[in-house]
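K.L.:
What follows is start_36.txt, made up of compact mmCIF, C-alpha atoms:
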# COMPACT_ATOMS: atom_id res chain seq x y z
CA MET A 275 119.24 160.55 17.63
CA ARG A 276 115.76 161.71 18.61
CA ALA A 277 114.21 160.22 15.47
CA ALA A 278 115.79 156.85 16.18
CA VAL A 279 114.47 156.76 19.74
CA GLU A 280 111.02 157.91 18.61
CA ALA A 281 110.97 155.09 16.04
CA LEU A 282 111.96 152.55 18.70
CA ASN A 283 109.27 153.84 21.04
CA GLY A 284 106.64 153.68 18.33
CA PHE A 285 107.56 150.07 17.61
CA LEU A 286 107.60 149.09 21.31
CA ALA A 287 104.25 150.79 21.95
CA GLY A 288 102.54 148.37 19.59
CA ALA A 289 104.58 145.29 20.49
CA ASP A 290 103.11 142.22 22.18
CA ILE A 291 105.05 142.31 25.45
CA GLY A 292 103.66 140.58 28.52
CA PHE A 293 104.66 139.17 31.88
CA ALA A 294 103.75 135.86 33.47
CA GLU A 295 102.58 136.46 37.03
CA ASP A 296 105.11 135.25 39.61
CA ASP A 297 103.54 136.59 42.84
CA LEU A 298 106.60 138.77 43.51
CA GLY A 299 104.95 142.12 42.89
CA ALA A 300 103.41 144.09 40.08
CA VAL A 301 105.30 144.55 36.83
CA HIS A 302 104.15 147.57 34.85
CA ILE A 303 104.57 146.33 31.29
CA SER A 304 103.17 149.59 29.92
CA GLU A 305 106.38 151.35 31.02
CA ARG A 306 108.32 150.86 27.82
CA ARG A 307 109.00 154.38 26.55
CA LEU A 308 112.76 154.76 26.20
CA ARG A 309 114.94 157.85 26.50
CA ARG A 310 118.68 158.41 26.22
CA HIS A 311 120.66 159.97 29.05
CA PHE A 312 123.59 162.16 28.04
CA VAL A 313 126.01 164.13 30.19
CA MET A 314 125.45 167.79 30.97
CA ARG A 315 128.75 169.67 30.81
CA ALA A 316 129.07 172.90 32.77
CA GLY A 317 129.80 175.99 30.71
CA ALA A 318 131.80 179.02 31.75
CA LYS A 319 130.65 180.96 34.81
CA GLY A 320 127.19 182.38 34.19
CA GLU A 321 126.65 180.34 31.03
CA THR A 322 124.01 177.68 30.53
CA PRO A 323 125.31 174.09 30.86
CA ILE A 324 125.68 172.27 27.56
CA VAL A 325 124.63 168.70 26.79
CA SER A 326 127.54 166.62 25.49
CA PHE A 327 126.03 164.29 22.93
CA ASP A 328 129.27 162.30 22.72
CA LEU A 329 129.28 161.37 26.42
CA GLY A 330 126.91 158.74 27.77
CA GLY A 331 123.73 158.12 25.82
CA ARG A 332 122.46 154.86 27.33
CA LEU A 333 118.79 153.98 27.03
CA PHE A 334 116.56 154.15 30.12
CA GLY A 335 112.86 153.85 30.83
CA GLY A 336 111.90 150.24 30.10
CA PHE A 337 110.26 148.21 32.88
CA TRP A 338 112.58 145.28 32.12
CA GLN A 339 115.76 147.24 32.92
CA ASN A 340 115.24 147.39 36.69
CA LEU A 341 113.62 143.98 36.87
CA PRO A 342 115.91 141.52 38.73
CA SER A 343 117.51 139.02 36.37
CA SER A 344 115.74 136.20 38.22
CA ARG A 345 112.35 137.69 37.23
CA ARG A 346 113.10 138.29 33.56
CA SER A 347 112.06 134.71 32.87
CA GLY A 348 108.51 136.01 33.26
CA ILE A 349 108.76 138.36 30.28
CA ARG A 350 106.97 137.24 27.15
CA ILE A 351 107.39 138.66 23.63
CA ASN A 352 104.67 137.53 21.23
CA GLY A 353 103.88 134.89 23.85
CA GLU A 354 107.44 133.53 23.77
CA THR A 355 109.99 133.29 26.54
CA VAL A 356 113.03 135.53 26.12
CA ALA A 357 116.78 135.17 25.99
CA GLU A 358 119.32 137.74 27.17
CA LEU A 359 122.15 138.59 24.80
CA ASP A 360 125.13 140.57 26.09
CA TYR A 361 128.30 141.96 24.57
CA GLY A 362 131.29 140.54 26.41
CA GLN A 363 133.73 142.82 28.29
CA MET A 364 132.57 145.68 26.11
CA ALA A 365 134.25 148.67 27.77
CA VAL A 366 137.69 147.07 27.54
CA ARG A 367 137.17 145.97 23.95
CA LEU A 368 135.97 149.44 22.97
CA ALA A 369 139.03 150.94 24.66
CA TYR A 370 141.19 148.73 22.44
CA ALA A 371 139.19 149.82 19.39
CA THR A 372 139.90 153.50 20.17
CA VAL A 373 143.66 152.86 20.10
CA GLY A 374 143.46 150.64 17.03
CA VAL A 375 144.88 147.55 18.70
CA THR A 376 143.50 144.00 18.69
CA PRO A 377 142.79 142.86 22.27
CA PRO A 378 144.48 139.74 23.63
CA GLU A 379 142.72 136.38 23.60
CA GLY A 380 140.76 135.17 26.59
CA ASP A 381 139.16 136.93 29.53
CA MET A 382 140.06 140.62 29.61
CA TYR A 383 139.69 140.63 33.40
CA ALA A 384 142.10 137.77 34.06
CA ILE A 385 144.95 139.68 35.72
CA PRO A 386 148.05 138.00 37.21
CA GLY A 387 147.91 138.09 41.01
CA LEU A 388 144.18 138.74 41.10
CA GLU A 389 142.90 135.26 40.30
CA GLY A 390 139.59 134.69 42.06
CA HIS A 391 138.80 138.41 42.14
CA ARG A 392 137.32 138.87 38.68
CA ALA A 393 134.37 141.02 39.78
CA ALA A 394 136.70 143.37 41.64
CA VAL A 395 139.04 143.59 38.64
CA LYS A 396 136.10 144.50 36.40
CA LYS A 397 135.03 147.30 38.75
CA ALA A 398 138.59 148.55 39.15
CA PHE A 399 139.19 148.45 35.38
CA ASN A 400 136.05 150.46 34.68
CA THR A 401 136.89 152.88 37.49
CA LEU A 402 140.31 153.52 35.95
CA LEU A 403 138.77 154.10 32.51
CA ASN A 404 136.52 156.76 34.05
CA ALA A 405 139.06 158.31 36.43
CA GLY A 406 141.42 161.17 35.80
CA PRO A 407 145.22 160.91 36.03
CA LYS A 408 145.37 162.17 39.62
CA MET A 409 143.32 159.38 41.18
CA THR A 410 145.32 157.75 43.98
CA ARG A 411 142.72 156.05 46.20
CA TRP A 412 139.83 153.71 45.61
CA GLY A 413 136.27 154.54 46.54
CA TYR A 414 134.96 151.41 48.22
CA GLU A 415 131.72 151.34 46.28
CA ARG A 416 133.57 151.59 42.96
CA ALA A 417 136.57 149.35 43.54
CA GLY A 418 134.59 146.48 45.04
CA ASN A 419 136.18 146.70 48.49
CA GLY A 420 132.98 146.97 50.54
CA GLU A 421 133.02 144.77 53.63
CA ASP A 422 129.66 143.22 52.72
CA ALA A 423 130.83 142.19 49.27
CA ASP A 424 131.70 138.66 48.26
CA ALA A 425 135.45 137.90 48.25
CA SER A 426 135.51 137.90 44.44
CA GLU A 427 134.15 141.46 44.51
CA ARG A 428 136.90 142.79 46.77
CA LEU A 429 140.47 143.58 45.87
CA PRO A 430 142.89 141.87 48.25
CA ALA A 431 144.51 143.94 50.98
CA GLY A 432 147.38 146.04 49.68
CA TRP A 433 146.10 146.36 46.14
CA THR A 434 146.32 150.10 45.79
CA VAL A 435 145.37 152.07 42.69
CA LYS A 436 149.01 152.15 41.60
CA ARG A 437 149.56 148.42 42.10
CA THR A 438 146.28 147.43 40.45
CA LYS A 439 146.86 149.72 37.48
CA ALA A 440 150.35 148.28 36.98
CA ALA A 441 148.98 144.73 37.09
CA ILE A 442 146.28 145.55 34.55
CA LEU A 443 148.81 147.18 32.24
CA SER A 444 151.08 144.13 32.45
CA ARG A 445 148.30 142.33 30.57
CA HIS A 446 147.03 145.34 28.61
CA PRO A 447 150.03 147.59 27.83
CA ALA A 448 148.25 149.10 24.81
CA LEU A 449 145.79 150.79 27.20
CA ALA A 450 148.42 152.78 29.10
CA ARG A 451 147.02 156.08 27.84
CA SER A 452 143.41 154.99 28.35
CA LEU A 453 143.57 154.21 32.06
CA GLY A 454 143.26 157.44 34.00
CA SER A 455 142.22 159.38 30.90
CA GLY A 456 138.53 159.76 31.77
CA ILE A 457 137.55 158.05 28.55
CA GLY A 458 134.81 155.99 30.18
CA LEU A 459 131.87 158.20 29.19
CA LYS A 460 133.06 158.32 25.59
CA LEU A 461 133.21 154.52 25.56
CA MET A 462 129.70 154.45 27.02
CA HIS A 463 128.56 156.65 24.15
CA ILE A 464 130.03 154.27 21.58
CA GLU A 465 128.34 151.40 23.39
CA SER A 466 125.00 153.22 23.31
CA GLU A 467 125.33 153.98 19.60
CA ILE A 468 125.98 150.30 18.91
CA LEU A 469 122.97 149.16 20.91
CA VAL A 470 120.61 151.73 19.35
CA ALA A 471 121.77 150.65 15.89
CA VAL A 472 121.12 147.01 16.82
CA LEU A 473 117.61 147.80 18.07
CA VAL A 474 116.84 149.84 14.96
CA GLU A 475 117.96 146.94 12.75
CA MET A 476 115.78 144.59 14.78
CA THR A 477 112.71 146.80 14.34
CA GLU A 478 113.31 146.83 10.59
CA ARG A 479 113.14 143.04 10.75
CA GLU A 480 110.04 143.18 12.98
CA ILE A 481 111.94 141.66 15.93
CA VAL A 482 111.21 143.10 19.38
CA GLY A 483 114.34 143.93 21.37
CA LEU A 484 114.40 145.23 24.95
CA GLY A 485 117.69 147.09 25.47
CA ILE A 486 119.70 146.81 28.70
CA HIS A 487 122.76 149.08 28.26
CA ASP A 488 125.24 146.68 26.60
CA GLY A 489 122.78 143.90 25.93
CA LEU A 490 119.14 143.14 25.25
CA LEU A 491 116.26 140.73 25.64
CA ALA A 492 114.84 139.09 22.53
CA PRO A 493 112.41 136.29 21.70
CA ALA A 494 114.09 132.93 22.25
CA SER A 495 113.32 131.84 18.67
CA LYS A 496 115.29 134.80 17.28
CA VAL A 497 118.53 134.31 19.22
CA ASP A 498 120.72 133.29 16.30
CA GLU A 499 119.49 136.13 14.07
CA VAL A 500 119.85 138.73 16.83
CA ARG A 501 123.35 137.54 17.75
CA MET A 502 124.41 137.97 14.13
CA ILE A 503 122.91 141.47 14.05
CA MET A 504 124.80 142.41 17.23
CA GLU A 505 128.11 141.07 15.95
CA ASP A 506 127.72 142.71 12.52
CA VAL A 507 126.78 146.11 13.99
CA ALA A 508 129.78 146.07 16.35
CA VAL A 509 132.16 145.42 13.46
CA ALA A 510 130.51 148.13 11.36
CA LYS A 511 130.67 150.69 14.18
CA VAL A 512 134.14 150.08 15.65
CA GLY A 513 135.89 147.73 13.27
CA THR A 514 136.34 144.92 15.74
CA THR A 515 134.52 141.76 16.77
CA ILE A 516 132.84 141.85 20.17
CA PRO A 517 131.65 138.42 21.33
CA VAL A 518 128.01 138.03 22.33
CA SER A 519 126.89 135.70 25.10
CA VAL A 520 123.40 134.23 25.40
CA GLU A 521 121.45 133.33 28.53
CA ALA A 522 118.04 131.73 28.16
CA HIS A 523 115.26 132.91 30.51
CA SER A 524 112.74 130.12 30.69
Do you think you could lay out the structure here as structure tokens?
P.N.:
Amino acid sequence: MRAAVEALNGFLAGADIGFAEDDLGAVHISERRLRRHFVMRAGAKGETPIVSFDLGGRLFGGFWQNLPSSRRSGIRINGETVAELDYGQMAVRLAYATVGVTPPEGDMYAIPGLEGHRAAVKKAFNTLLNAGPKMTRWGYERAGNGEDADASERLPAGWTVKRTKAAILSRHPALARSLGSGIGLKLMHIESEILVAVLVEMTEREIVGLGIHDGLLAPASKVDEVRMIMEDVAVAKVGTTIPVSVEAHS
């Protein structure tokens, strides 16, 4: 794992990455050294905590990661504008992969009774994948119920954990054992392994990729090649196709 990240950092250090001035504040393009964040698991009383290398593992450290999406159009790779490529509904699709079931067609977050609340469903779904079996109440910041949130980001009144979970399982019965199992960090680890493998493959092809958790930025001229790499790596890692969306930043 360390060798892979060191190789990525060596490649990025010498890459031609710039930013077109937009008068919205300094962008420190030299901040491109990546690191992976894993979960520290507490040991027995008096013992040193242990790093769990199968939980978490996302890449952090690149200046582009905290840059608002609206400003990413200023990033240049080899003088080119960039495109953003993202795996679609990755956590849910990885959950299906872990149980060996093919996910249903269409939007994974389209749940009967919650039409028009897709953002809230996504947050609730991910919360349930991370939660334990005893969770009975939402945390506003995690379920999308904050009063300042857009209507699509809030669950309607009366949608308790129990009701929401039942509605999700009506569409995704194969995930009955996944919701409330705390599997979320394991899924995040699989996601991180996929993305690192994609970035490594890109460096071998001399293509600069800027990772953003379950997606990346790449030169606009390389979109088709990078999308194929992403799709092929996902199949190789988890045995299932994960669709990749593309958004141009120009």
K.L.:
Pick out the closest residue to A:Arg309 from this set: A:Thr434, A:Ser466, A:Ser519, A:Ser495. Count all atoms listed in the file.
P.N.:
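Counting all atoms listed in the file, the residue closest to A:Arg309 is A:Ser466.
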K.L.:
Identify which of the residues A:Val279, A:Ile468, A:Ile442, A:Leu286 lies closest to A:Ile351, counting all atoms listed in the file when measuring atom-to-atom distances.
P.N.:
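Using all atoms listed in the file, A:Ile351 sits closest to A:Leu286.
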K.L.:
Residues within 12 Å of A:Met314, please, as a ChimeraX atom specification. Count all atoms listed in the file; anything in the same chain fewer than 3 positions from it doesn't count.
P.N.:
/A:311,317,322-331,459
K.L.:
Between atom CA of A:Arg392 and atom CA of A:Val507, what is the distance, to one decimal in Å?
P.N.:
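One can read the atom CA of A:Arg392 to atom CA of A:Val507 distance as 27.8 Å.
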K.L.:
May I ask which of the residues A:Gly335, A:Gly288, A:Gly374, A:Gly353 is the closest one to A:Thr514, counting only C-alpha atoms?
P.N.:
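Of A:Gly335, A:Gly288, A:Gly374, A:Gly353, the one nearest A:Thr514 is A:Gly374, counting only C-alpha atoms.
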K.L.:
Restricting the calculation to only C-alpha atoms: of A:Gly292, A:Gly456, A:Gly348, A:Gly513, which residue gets closest to A:Met409?
P.N.:
A:Gly456
K.L.:
Report the distance between atom CA of A:Arg350 and atom CA of A:Leu282 in Å, rounded to one decimal place.
P.N.:
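One can read the atom CA of A:Arg350 to atom CA of A:Leu282 distance as 18.2 Å.
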K.L.:
Please measure the separation of atom CA of A:Ala369 and atom CA of A:Met462, giving the value in Å to one decimal.
P.N.:
10.2 Å
K.L.:
Using all atoms listed in the file, which of the listed residues (A:Met476, A:Leu429, A:Ala371, A:Ala318) sits closest to A:Ala398?
P.N.:
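Selected residue with least distance to A:Ala398: A:Leu429.
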K.L.:
Go through A:Asn283, A:Ser426, A:Thr401, A:Gln339 one by one, measure the shortest atom-to-atom distance of each to A:Leu490 using all atoms listed in the file, and give the residue with the smallest value.
P.N.:
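Nearest to A:Leu490: A:Gln339.
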K.L.:
Draw an axis-aligned box tight on the listed atoms of stretch 424-434 of chain A, then pad every side by 8 Å and write out centre and edge lengths in Å to one decimal as JSON.
P.N.:
{"center_x": 139.5, "center_y": 144.0, "center_z": 47.7, "size_x": 31.7, "size_y": 28.2, "size_z": 22.5}
K.L.:
Tell me, as a ChimeraX atom specification, which residues lie within 12 Å of A:Thr410, counting all atoms listed in the file; anything in the same chain fewer than 5 positions away does not count.
P.N.:
/A:401-402,405,433-439,454
